[in-house]
file structure01.cif (mmCIF, C-alpha atoms)
data_my_file
#
loop_
_atom_site.label_atom_id
_atom_site.label_comp_id
_atom_site.auth_asym_id
_atom_site.auth_seq_id
_atom_site.Cartn_x
_atom_site.Cartn_y
_atom_site.Cartn_z
CA MET J 1 -16.69 -8.65 1.10
CA LEU J 2 -13.56 -6.66 1.90
CA LYS J 3 -13.68 -5.18 5.41
CA LYS J 4 -10.57 -2.98 5.41
CA ILE J 5 -6.89 -2.80 4.56
CA ASN J 6 -5.32 -5.08 7.16
CA HIS J 7 -1.78 -4.17 6.19
CA ILE J 8 0.61 -2.90 3.58
CA ALA J 9 3.67 -5.16 3.48
CA ILE J 10 7.08 -3.61 2.91
CA ALA J 11 9.98 -5.92 1.99
CA VAL J 12 13.08 -4.89 3.95
CA ASN J 13 16.54 -6.25 4.64
CA SER J 14 16.12 -5.80 8.40
CA ILE J 15 12.95 -5.06 10.35
CA GLU J 16 14.86 -3.29 13.13
CA GLU J 17 16.83 -1.11 10.69
CA ALA J 18 13.75 -0.16 8.63
CA ALA J 19 11.61 0.41 11.73
CA LYS J 20 13.83 3.32 12.80
CA PHE J 21 12.17 5.61 10.23
CA TYR J 22 8.65 4.38 10.92
CA GLN J 23 9.13 4.72 14.68
CA ASN J 24 11.40 7.75 15.11
CA ILE J 25 10.13 9.92 12.24
CA LEU J 26 6.53 8.80 11.69
CA GLY J 27 5.91 8.00 15.37
CA LEU J 28 4.46 4.52 14.90
CA ASN J 29 5.06 1.58 17.30
CA LEU J 30 6.59 -1.73 16.27
CA SER J 31 4.96 -4.86 17.69
CA GLY J 32 4.07 -8.46 16.92
CA VAL J 33 7.48 -9.43 15.56
CA GLU J 34 7.33 -13.13 14.69
CA VAL J 35 8.60 -15.70 12.20
CA VAL J 36 6.08 -16.99 9.64
CA THR J 37 7.52 -20.45 9.10
CA ALA J 38 5.38 -21.33 6.06
CA GLN J 39 6.71 -18.30 4.16
CA LYS J 40 10.25 -18.30 5.63
CA THR J 41 9.85 -14.67 6.63
CA ARG J 42 10.08 -12.59 9.77
CA VAL J 43 7.40 -9.91 10.18
CA GLY J 44 6.75 -6.91 12.43
CA PHE J 45 3.69 -4.64 12.54
CA LEU J 46 3.26 -0.88 13.03
CA LYS J 47 -0.38 0.06 13.69
CA ILE J 48 -1.86 3.05 11.87
CA GLY J 49 -5.59 3.74 12.18
CA GLU J 50 -7.47 0.50 11.53
CA SER J 51 -4.55 -0.84 9.45
CA ASN J 52 -0.89 -1.76 9.84
CA ILE J 53 2.42 -1.36 8.11
CA GLU J 54 3.97 -4.84 7.97
CA LEU J 55 7.75 -4.90 7.70
CA VAL J 56 8.82 -8.26 6.29
CA GLN J 57 12.34 -9.65 5.95
CA PRO J 58 13.70 -13.04 4.85
CA ALA J 59 14.07 -15.51 7.74
CA GLU J 60 16.01 -18.09 5.69
CA PRO J 61 18.50 -17.76 2.80
CA ASP J 62 16.01 -19.60 0.53
CA SER J 63 13.03 -17.40 1.46
CA PRO J 64 11.06 -16.29 -1.64
CA LEU J 65 11.60 -12.75 -0.37
CA VAL J 66 15.37 -12.94 -1.01
CA LYS J 67 14.78 -12.93 -4.76
CA PHE J 68 12.34 -10.02 -4.49
CA LEU J 69 14.90 -7.93 -2.59
CA GLU J 70 17.69 -8.85 -5.02
CA THR J 71 15.71 -7.92 -8.12
CA LYS J 72 13.49 -5.05 -6.94
CA GLY J 73 15.18 -3.83 -3.76
CA GLN J 74 13.35 -2.76 -0.63
CA GLY J 75 9.81 -1.44 -1.08
CA ILE J 76 6.12 -2.28 -1.05
CA HIS J 77 5.56 -6.01 -1.52
CA HIS J 78 1.79 -6.46 -1.25
CA ILE J 79 -1.51 -5.14 0.15
CA CYS J 80 -3.60 -7.29 2.45
CA PHE J 81 -7.38 -6.95 2.67
CA GLU J 82 -9.20 -8.42 5.66
CA VAL J 83 -12.23 -10.57 4.83
CA ASP J 84 -14.75 -12.61 6.84
CA ASP J 85 -14.38 -15.82 4.88
CA VAL J 86 -11.30 -16.22 2.69
CA GLU J 87 -12.48 -19.53 1.23
CA ALA J 88 -15.74 -17.96 0.04
CA GLU J 89 -13.84 -15.01 -1.48
CA VAL J 90 -11.47 -17.33 -3.36
CA LYS J 91 -14.41 -19.28 -4.76
CA VAL J 92 -16.17 -16.15 -6.05
CA TYR J 93 -12.98 -14.64 -7.53
CA LEU J 94 -12.24 -17.86 -9.42
CA GLU J 95 -15.82 -18.04 -10.70
CA LYS J 96 -15.50 -14.47 -11.95
CA GLY J 97 -12.30 -15.31 -13.82
CA ALA J 98 -9.58 -13.81 -11.57
CA THR J 99 -6.18 -15.51 -11.41
CA LEU J 100 -5.18 -16.59 -7.89
CA ILE J 101 -1.83 -17.79 -6.61
CA ASP J 102 -3.55 -19.85 -3.92
CA LEU J 103 -6.55 -21.86 -4.98
CA LYS J 104 -7.05 -22.73 -1.29
CA PRO J 105 -6.33 -20.70 1.85
CA ARG J 106 -3.04 -21.39 3.64
CA PRO J 107 -1.62 -20.35 7.07
CA GLY J 108 -0.46 -16.74 7.50
CA ALA J 109 0.90 -14.65 10.40
CA HIS J 110 -1.09 -14.48 13.66
CA ASN J 111 -3.13 -17.64 12.98
CA THR J 112 -4.81 -16.14 9.93
CA LYS J 113 -5.95 -18.00 6.83
CA VAL J 114 -4.63 -16.27 3.70
CA ALA J 115 -4.76 -16.46 -0.09
CA PHE J 116 -2.95 -14.37 -2.70
CA VAL J 117 -4.42 -12.94 -5.90
CA HIS J 118 -2.01 -12.86 -8.87
CA PRO J 119 -0.84 -9.35 -9.86
CA LYS J 120 -1.88 -9.93 -13.47
CA SER J 121 -5.52 -9.75 -12.38
CA SER J 122 -5.07 -6.53 -10.40
CA SER J 123 -2.96 -4.15 -12.51
CA GLY J 124 0.37 -5.32 -11.12
CA VAL J 125 -0.56 -5.36 -7.42
CA LEU J 126 0.06 -8.46 -5.32
CA ILE J 127 -3.08 -8.76 -3.14
CA GLU J 128 -3.41 -10.92 -0.05
CA LEU J 129 -6.77 -11.79 1.48
CA CYS J 130 -6.68 -12.66 5.18
CA GLU J 131 -9.24 -14.06 7.61
CA PHE J 132 -8.68 -13.85 11.35
CA PRO J 133 -9.74 -16.68 13.67
CA LYS J 134 -13.31 -16.11 14.99
CA MET Q 135 0.79 12.57 13.99
CA LEU Q 136 -0.42 10.11 11.37
CA LYS Q 137 -4.20 9.59 11.55
CA LYS Q 138 -4.69 6.75 9.07
CA ILE Q 139 -3.84 5.46 5.62
CA ASN Q 140 -5.75 7.81 3.36
CA HIS Q 141 -4.98 5.84 0.22
CA ILE Q 142 -2.72 3.42 -1.57
CA ALA Q 143 -2.01 4.75 -5.06
CA ILE Q 144 -1.77 2.31 -7.95
CA ALA Q 145 -0.24 3.53 -11.21
CA VAL Q 146 -2.34 2.26 -14.13
CA ASN Q 147 -2.59 2.83 -17.87
CA SER Q 148 -6.35 3.40 -17.66
CA ILE Q 149 -8.50 3.96 -14.58
CA GLU Q 150 -11.59 2.49 -16.23
CA GLU Q 151 -9.74 -0.63 -17.41
CA ALA Q 152 -8.04 -1.23 -14.04
CA ALA Q 153 -11.23 -0.51 -12.09
CA LYS Q 154 -12.96 -3.53 -13.63
CA PHE Q 155 -11.08 -5.89 -11.28
CA TYR Q 156 -11.51 -3.69 -8.21
CA GLN Q 157 -15.23 -3.23 -8.91
CA ASN Q 158 -16.36 -6.53 -10.40
CA ILE Q 159 -14.15 -8.94 -8.44
CA LEU Q 160 -13.40 -7.11 -5.16
CA GLY Q 161 -16.79 -5.34 -5.06
CA LEU Q 162 -15.47 -1.80 -4.46
CA ASN Q 163 -17.04 1.37 -5.92
CA LEU Q 164 -15.19 3.85 -8.12
CA SER Q 165 -15.82 7.53 -7.42
CA GLY Q 166 -14.18 10.95 -7.33
CA VAL Q 167 -12.56 10.69 -10.75
CA GLU Q 168 -10.79 13.98 -11.42
CA VAL Q 169 -7.71 15.49 -13.05
CA VAL Q 170 -4.95 16.73 -10.71
CA THR Q 171 -3.54 19.48 -12.89
CA ALA Q 172 -0.42 20.11 -10.79
CA GLN Q 173 0.70 16.50 -11.20
CA LYS Q 174 -0.67 15.94 -14.73
CA THR Q 175 -2.55 12.88 -13.56
CA ARG Q 176 -6.10 11.61 -13.54
CA VAL Q 177 -7.23 9.86 -10.35
CA GLY Q 178 -10.17 7.75 -9.19
CA PHE Q 179 -10.90 6.41 -5.70
CA LEU Q 180 -12.33 3.13 -4.42
CA LYS Q 181 -13.28 3.31 -0.74
CA ILE Q 182 -12.28 0.44 1.56
CA GLY Q 183 -12.84 0.80 5.32
CA GLU Q 184 -11.43 4.16 6.41
CA SER Q 185 -9.01 4.18 3.43
CA ASN Q 186 -9.10 4.22 -0.36
CA ILE Q 187 -7.45 2.61 -3.33
CA GLU Q 188 -6.41 5.44 -5.65
CA LEU Q 189 -6.07 4.50 -9.30
CA VAL Q 190 -3.84 7.04 -11.00
CA GLN Q 191 -3.11 7.38 -14.72
CA PRO Q 192 -1.16 9.96 -16.74
CA ALA Q 193 -3.32 12.88 -17.92
CA GLU Q 194 -0.66 14.31 -20.26
CA PRO Q 195 2.11 12.69 -22.35
CA ASP Q 196 4.71 14.49 -20.20
CA SER Q 197 3.21 13.41 -16.87
CA PRO Q 198 5.89 12.12 -14.46
CA LEU Q 199 3.78 8.96 -14.24
CA VAL Q 200 4.52 8.03 -17.86
CA LYS Q 201 8.15 7.27 -17.01
CA PHE Q 202 7.11 5.22 -13.96
CA LEU Q 203 4.79 3.08 -16.09
CA GLU Q 204 7.42 2.66 -18.82
CA THR Q 205 10.15 1.54 -16.43
CA LYS Q 206 8.25 -0.31 -13.71
CA GLY Q 207 4.90 -1.13 -15.29
CA GLN Q 208 1.56 -0.92 -13.52
CA GLY Q 209 1.62 -1.36 -9.75
CA ILE Q 210 1.72 0.35 -6.38
CA HIS Q 211 3.09 3.88 -6.68
CA HIS Q 212 2.87 5.32 -3.17
CA ILE Q 213 1.12 5.22 0.22
CA CYS Q 214 -0.60 8.33 1.55
CA PHE Q 215 -0.98 9.00 5.27
CA GLU Q 216 -3.54 11.55 6.43
CA VAL Q 217 -2.25 14.15 8.92
CA ASP Q 218 -3.74 17.16 10.70
CA ASP Q 219 -1.02 19.61 9.74
CA VAL Q 220 1.25 18.69 6.85
CA GLU Q 221 3.47 21.75 7.31
CA ALA Q 222 4.17 20.81 10.94
CA GLU Q 223 4.95 17.20 9.93
CA VAL Q 224 7.38 18.33 7.23
CA LYS Q 225 9.16 20.57 9.72
CA VAL Q 226 9.60 17.77 12.28
CA TYR Q 227 10.70 15.19 9.68
CA LEU Q 228 13.36 17.58 8.36
CA GLU Q 229 14.57 18.35 11.89
CA LYS Q 230 14.88 14.61 12.52
CA GLY Q 231 16.97 14.14 9.38
CA ALA Q 232 14.49 12.60 6.92
CA THR Q 233 14.83 13.38 3.21
CA LEU Q 234 11.72 14.97 1.70
CA ILE Q 235 10.84 15.57 -1.95
CA ASP Q 236 8.71 18.58 -1.00
CA LEU Q 237 10.19 20.97 1.53
CA LYS Q 238 6.83 22.79 1.50
CA PRO Q 239 3.28 21.44 1.03
CA ARG Q 240 1.79 21.69 -2.46
CA PRO Q 241 -1.76 21.20 -3.85
CA GLY Q 242 -3.07 17.61 -4.16
CA ALA Q 243 -6.37 16.01 -5.21
CA HIS Q 244 -9.62 17.12 -3.51
CA ASN Q 245 -8.19 20.42 -2.23
CA THR Q 246 -5.64 18.72 -0.01
CA LYS Q 247 -2.20 20.00 0.90
CA VAL Q 248 0.41 17.30 0.30
CA ALA Q 249 4.13 16.62 0.68
CA PHE Q 250 6.18 13.58 -0.37
CA VAL Q 251 8.88 11.83 1.67
CA HIS Q 252 11.79 10.45 -0.39
CA PRO Q 253 11.88 6.62 -0.62
CA LYS Q 254 15.49 6.58 0.54
CA SER Q 255 14.32 7.57 4.03
CA SER Q 256 11.61 4.92 4.19
CA SER Q 257 13.10 1.64 2.90
CA GLY Q 258 12.11 2.24 -0.72
CA VAL Q 259 8.52 3.39 -0.13
CA LEU Q 260 7.27 6.65 -1.64
CA ILE Q 261 5.20 8.23 1.14
CA GLU Q 262 2.72 11.08 0.70
CA LEU Q 263 1.40 13.11 3.61
CA CYS Q 264 -1.96 14.78 3.03
CA GLU Q 265 -4.00 17.33 4.96
CA PHE Q 266 -7.67 17.87 4.17
CA PRO Q 267 -9.22 21.33 4.34
CA LYS Q 268 -10.71 22.05 7.80
#

call {"tool": "encode", "arguments": {"input": "structure01.cif", "output": "structure tokens"}}
result
Amino acid sequence: MLKKINHIAIAVNSIEEAAKFYQNILGLNLSGVEVVTAQKTRVGFLKIGESNIELVQPAEPDSPLVKFLETKGQGIHHICFEVDDVEAEVKVYLEKGATLIDLKPRPGAHNTKVAFVHPKSSSGVLIELCEFPK
Amino acid sequence: MLKKINHIAIAVNSIEEAAKFYQNILGLNLSGVEVVTAQKTRVGFLKIGESNIELVQPAEPDSPLVKFLETKGQGIHHICFEVDDVEAEVKVYLEKGATLIDLKPRPGAHNTKVAFVHPKSSSGVLIELCEFPK
């Protein structure tokens, strides 16, 4: 079961540059800036209500995000829904015929376990499922 | 001040077709389907936590959404943040140098007052501000 929107990820060239608008105009606070080694990205979070805006930038020249920025430019990259048990969700989605990018959970930011649903199952939206450590 | 993410809007060809994934796989419920005359769109909402997924489809052949779907295909269209006073927000954002699409609030779905921030101010993200009737 989906609990809430954990974050909306926005692909940016520079977290600090992009954060100016979200901090100075919208009044949100940037925190939790860290490198996600497995995805070769650097991320920063701005809390809003029970959710977050995640600014994400490439951390290496061969980060998958470089291609996204080159072809689509800066903008929304994916939505992440928080779940209790990502492995159980993946199993049910596959049984129901959804197409997943990850057939098994893998490590995400902040010690989460994550799995991505392919946009072709969800009307063009890249969806991440994340489970926080208990 | 931003209160929460009210919704993430996803541009789709058909609400009913797109909703199959969000209902049958993700387990969300579709409700509040209505036409927003001012924007020539038809919208439907799927509640998740304190937020919603908004599926939005063109309601007329000359809806601005038709061009979006033709050029970009189905996918995330905008994020909407709920605020107490959209007119006050617009005033502050303009004073601080942000670029807005609407210099004054206009009518949105469910009797809201809304205003859009231009993506060039927000790293490529189309942002809607919405105020619900008191």

call {"tool": "resolve_selection", "arguments": {"input": "structure01.cif", "expression": "the PyMOL selection byres ((chain J) within 6 of (chain Q))", "output": "CSV table (one decimal) with C-alpha atoms, in the frame of the given file"}}
result
chain,number,residue,atom,x,y,z
J,4,LYS,CA,-10.6,-3.0,5.4
J,25,ILE,CA,10.1,9.9,12.2
J,48,ILE,CA,-1.9,3.0,11.9
J,49,GLY,CA,-5.6,3.7,12.2
J,74,GLN,CA,13.4,-2.8,-0.6
J,75,GLY,CA,9.8,-1.4,-1.1
J,93,TYR,CA,-13.0,-14.6,-7.5
J,123,SER,CA,-3.0,-4.2,-12.5
J,124,GLY,CA,0.4,-5.3,-11.1
J,125,VAL,CA,-0.6,-5.4,-7.4

call {"tool": "calpha_fit_and_write", "arguments": {"input": "structure01.cif", "fixed": "chain J", "moving": "chain Q", "output": "compact mmCIF listing (two decimals) with C-alpha atoms, in the coordinates of the input"}}
result
# COMPACT_ATOMS: atom_id res chain seq x y z
CA MET Q 135 -16.68 -8.65 1.10
CA LEU Q 136 -13.55 -6.67 1.89
CA LYS Q 137 -13.67 -5.19 5.41
CA LYS Q 138 -10.56 -2.99 5.41
CA ILE Q 139 -6.88 -2.82 4.56
CA ASN Q 140 -5.32 -5.08 7.15
CA HIS Q 141 -1.78 -4.17 6.19
CA ILE Q 142 0.61 -2.90 3.57
CA ALA Q 143 3.66 -5.16 3.49
CA ILE Q 144 7.08 -3.62 2.91
CA ALA Q 145 9.96 -5.92 1.98
CA VAL Q 146 13.06 -4.90 3.95
CA ASN Q 147 16.53 -6.26 4.63
CA SER Q 148 16.11 -5.80 8.39
CA ILE Q 149 12.95 -5.06 10.35
CA GLU Q 150 14.86 -3.29 13.13
CA GLU Q 151 16.82 -1.11 10.69
CA ALA Q 152 13.74 -0.17 8.63
CA ALA Q 153 11.61 0.42 11.73
CA LYS Q 154 13.83 3.32 12.80
CA PHE Q 155 12.18 5.62 10.23
CA TYR Q 156 8.65 4.40 10.92
CA GLN Q 157 9.14 4.73 14.69
CA ASN Q 158 11.39 7.76 15.12
CA ILE Q 159 10.14 9.93 12.24
CA LEU Q 160 6.52 8.81 11.69
CA GLY Q 161 5.91 8.02 15.38
CA LEU Q 162 4.47 4.51 14.90
CA ASN Q 163 5.06 1.58 17.30
CA LEU Q 164 6.60 -1.73 16.28
CA SER Q 165 4.98 -4.86 17.71
CA GLY Q 166 4.07 -8.46 16.93
CA VAL Q 167 7.48 -9.44 15.58
CA GLU Q 168 7.33 -13.13 14.70
CA VAL Q 169 8.59 -15.71 12.21
CA VAL Q 170 6.07 -17.00 9.65
CA THR Q 171 7.51 -20.46 9.12
CA ALA Q 172 5.38 -21.33 6.08
CA GLN Q 173 6.71 -18.32 4.17
CA LYS Q 174 10.24 -18.30 5.65
CA THR Q 175 9.84 -14.68 6.64
CA ARG Q 176 10.07 -12.59 9.77
CA VAL Q 177 7.40 -9.90 10.19
CA GLY Q 178 6.75 -6.91 12.44
CA PHE Q 179 3.70 -4.63 12.54
CA LEU Q 180 3.25 -0.89 13.04
CA LYS Q 181 -0.37 0.06 13.70
CA ILE Q 182 -1.86 3.04 11.86
CA GLY Q 183 -5.60 3.74 12.18
CA GLU Q 184 -7.47 0.50 11.53
CA SER Q 185 -4.54 -0.84 9.44
CA ASN Q 186 -0.89 -1.76 9.84
CA ILE Q 187 2.42 -1.37 8.10
CA GLU Q 188 3.98 -4.84 7.96
CA LEU Q 189 7.75 -4.91 7.70
CA VAL Q 190 8.80 -8.26 6.29
CA GLN Q 191 12.33 -9.65 5.96
CA PRO Q 192 13.68 -13.04 4.86
CA ALA Q 193 14.04 -15.52 7.74
CA GLU Q 194 16.00 -18.09 5.70
CA PRO Q 195 18.48 -17.76 2.80
CA ASP Q 196 16.00 -19.59 0.54
CA SER Q 197 13.02 -17.41 1.46
CA PRO Q 198 11.06 -16.30 -1.64
CA LEU Q 199 11.60 -12.75 -0.37
CA VAL Q 200 15.35 -12.93 -1.01
CA LYS Q 201 14.79 -12.92 -4.77
CA PHE Q 202 12.34 -10.01 -4.50
CA LEU Q 203 14.89 -7.93 -2.60
CA GLU Q 204 17.69 -8.85 -5.02
CA THR Q 205 15.71 -7.91 -8.12
CA LYS Q 206 13.50 -5.05 -6.95
CA GLY Q 207 15.17 -3.82 -3.77
CA GLN Q 208 13.34 -2.75 -0.63
CA GLY Q 209 9.81 -1.46 -1.10
CA ILE Q 210 6.12 -2.28 -1.06
CA HIS Q 211 5.55 -6.01 -1.52
CA HIS Q 212 1.79 -6.47 -1.25
CA ILE Q 213 -1.50 -5.13 0.14
CA CYS Q 214 -3.60 -7.29 2.44
CA PHE Q 215 -7.38 -6.94 2.67
CA GLU Q 216 -9.19 -8.41 5.66
CA VAL Q 217 -12.23 -10.58 4.83
CA ASP Q 218 -14.74 -12.61 6.84
CA ASP Q 219 -14.37 -15.82 4.87
CA VAL Q 220 -11.30 -16.21 2.69
CA GLU Q 221 -12.47 -19.53 1.24
CA ALA Q 222 -15.73 -17.96 0.04
CA GLU Q 223 -13.83 -15.01 -1.49
CA VAL Q 224 -11.46 -17.33 -3.36
CA LYS Q 225 -14.40 -19.28 -4.75
CA VAL Q 226 -16.16 -16.15 -6.05
CA TYR Q 227 -12.98 -14.63 -7.52
CA LEU Q 228 -12.25 -17.86 -9.41
CA GLU Q 229 -15.84 -18.04 -10.69
CA LYS Q 230 -15.50 -14.46 -11.93
CA GLY Q 231 -12.30 -15.29 -13.81
CA ALA Q 232 -9.58 -13.81 -11.58
CA THR Q 233 -6.18 -15.51 -11.42
CA LEU Q 234 -5.18 -16.58 -7.91
CA ILE Q 235 -1.81 -17.79 -6.62
CA ASP Q 236 -3.53 -19.86 -3.92
CA LEU Q 237 -6.55 -21.87 -4.98
CA LYS Q 238 -7.04 -22.74 -1.30
CA PRO Q 239 -6.32 -20.69 1.86
CA ARG Q 240 -3.03 -21.38 3.64
CA PRO Q 241 -1.63 -20.36 7.07
CA GLY Q 242 -0.46 -16.74 7.51
CA ALA Q 243 0.90 -14.66 10.41
CA HIS Q 244 -1.09 -14.48 13.68
CA ASN Q 245 -3.13 -17.63 12.98
CA THR Q 246 -4.80 -16.15 9.92
CA LYS Q 247 -5.94 -17.99 6.83
CA VAL Q 248 -4.63 -16.26 3.70
CA ALA Q 249 -4.75 -16.47 -0.09
CA PHE Q 250 -2.93 -14.38 -2.71
CA VAL Q 251 -4.42 -12.93 -5.91
CA HIS Q 252 -2.02 -12.86 -8.89
CA PRO Q 253 -0.83 -9.34 -9.87
CA LYS Q 254 -1.88 -9.94 -13.47
CA SER Q 255 -5.53 -9.74 -12.38
CA SER Q 256 -5.07 -6.53 -10.40
CA SER Q 257 -2.97 -4.14 -12.52
CA GLY Q 258 0.37 -5.32 -11.13
CA VAL Q 259 -0.56 -5.35 -7.43
CA LEU Q 260 0.06 -8.46 -5.32
CA ILE Q 261 -3.07 -8.76 -3.16
CA GLU Q 262 -3.41 -10.91 -0.05
CA LEU Q 263 -6.76 -11.79 1.48
CA CYS Q 264 -6.68 -12.65 5.18
CA GLU Q 265 -9.23 -14.07 7.60
CA PHE Q 266 -8.67 -13.84 11.35
CA PRO Q 267 -9.73 -16.66 13.66
CA LYS Q 268 -13.29 -16.13 14.99

call {"tool": "atom_distance", "arguments": {"input": "structure01.cif", "atom1": "CA of Glu265 in chain Q", "atom2": "CA of His252 in chain Q"}}
result
18.0 Å

call {"tool": "residues_around", "arguments": {"input": "structure01.cif", "residues": "Val117 in chain J", "least_positions_apart": "3", "cutoff": "7 Å", "atoms": "all atoms listed in the file", "output": "PyMOL selection string"}}
result
chain J and resi 99-101+126-128

call {"tool": "residues_around", "arguments": {"input": "structure01.cif", "residues": "Pro198 in chain Q", "least_positions_apart": "5", "cutoff": "12 Å", "atoms": "only C-alpha atoms", "output": "NGL selection string"}}
result
:Q and (145 or 172-175 or 190-193 or 203-205 or 211)

call {"tool": "atom_distance", "arguments": {"input": "structure01.cif", "atom1": "CA of Lys91 in chain J", "atom2": "CA of Ala109 in chain J"}}
result
22.0 Å

call {"tool": "atom_distance", "arguments": {"input": "structure01.cif", "atom1": "CA of Pro107 in chain J", "atom2": "CA of Phe68 in chain J"}}
result
20.9 Å

call {"tool": "decode", "arguments": {"input": "structure01.cif", "residues": "range 6-13 of chain J", "atoms": "all heavy atoms", "output": "CSV table (one decimal), in the first residue's frame"}}
result
chain,number,residue,atom,x,y,z
J,6,ASN,N,6.7,10.5,-1.0
J,6,ASN,CA,7.9,10.8,-0.3
J,6,ASN,C,8.6,12.0,-0.9
J,6,ASN,O,9.0,12.9,-0.2
J,6,ASN,CB,8.8,9.6,-0.2
J,6,ASN,CG,10.1,9.9,0.6
J,6,ASN,OD1,11.0,10.4,0.0
J,6,ASN,ND2,10.1,9.7,1.9
J,7,HIS,N,8.7,12.0,-2.2
J,7,HIS,CA,9.3,13.1,-2.9
J,7,HIS,C,9.0,13.2,-4.3
J,7,HIS,O,8.6,12.2,-4.9
J,7,HIS,CB,10.9,13.2,-2.7
J,7,HIS,CG,11.6,12.0,-3.3
J,7,HIS,ND1,12.0,10.9,-2.6
J,7,HIS,CD2,12.0,11.8,-4.5
J,7,HIS,CE1,12.6,10.1,-3.4
J,7,HIS,NE2,12.7,10.6,-4.6
J,8,ILE,N,9.2,14.4,-4.8
J,8,ILE,CA,9.2,14.7,-6.3
J,8,ILE,C,10.6,15.0,-6.6
J,8,ILE,O,11.1,16.0,-6.1
J,8,ILE,CB,8.2,15.8,-6.7
J,8,ILE,CG1,6.8,15.5,-6.2
J,8,ILE,CG2,8.3,16.1,-8.1
J,8,ILE,CD1,5.8,16.7,-6.4
J,9,ALA,N,11.2,14.3,-7.5
J,9,ALA,CA,12.6,14.5,-7.9
J,9,ALA,C,12.7,15.5,-9.1
J,9,ALA,O,12.0,15.2,-10.1
J,9,ALA,CB,13.3,13.2,-8.2
J,10,ILE,N,13.5,16.5,-9.0
J,10,ILE,CA,13.7,17.4,-10.1
J,10,ILE,C,15.2,17.3,-10.5
J,10,ILE,O,16.1,17.5,-9.7
J,10,ILE,CB,13.4,18.9,-9.6
J,10,ILE,CG1,11.9,18.9,-9.1
J,10,ILE,CG2,13.6,19.9,-10.7
J,10,ILE,CD1,11.6,20.2,-8.4
J,11,ALA,N,15.4,17.0,-11.8
J,11,ALA,CA,16.8,16.9,-12.3
J,11,ALA,C,17.3,18.3,-12.6
J,11,ALA,O,16.6,19.1,-13.2
J,11,ALA,CB,16.8,16.1,-13.6
J,12,VAL,N,18.5,18.6,-12.0
J,12,VAL,CA,19.0,20.0,-12.1
J,12,VAL,C,20.5,19.9,-12.4
J,12,VAL,O,21.2,18.9,-12.1
J,12,VAL,CB,18.8,20.8,-10.8
J,12,VAL,CG1,17.3,21.0,-10.5
J,12,VAL,CG2,19.5,20.2,-9.6
J,13,ASN,N,21.0,21.0,-13.0
J,13,ASN,CA,22.5,21.0,-13.2
J,13,ASN,C,23.3,21.2,-11.9
J,13,ASN,O,24.4,20.7,-11.8
J,13,ASN,CB,22.8,22.1,-14.2
J,13,ASN,CG,22.1,21.9,-15.5
J,13,ASN,OD1,22.1,20.8,-16.1
J,13,ASN,ND2,21.5,23.0,-16.1
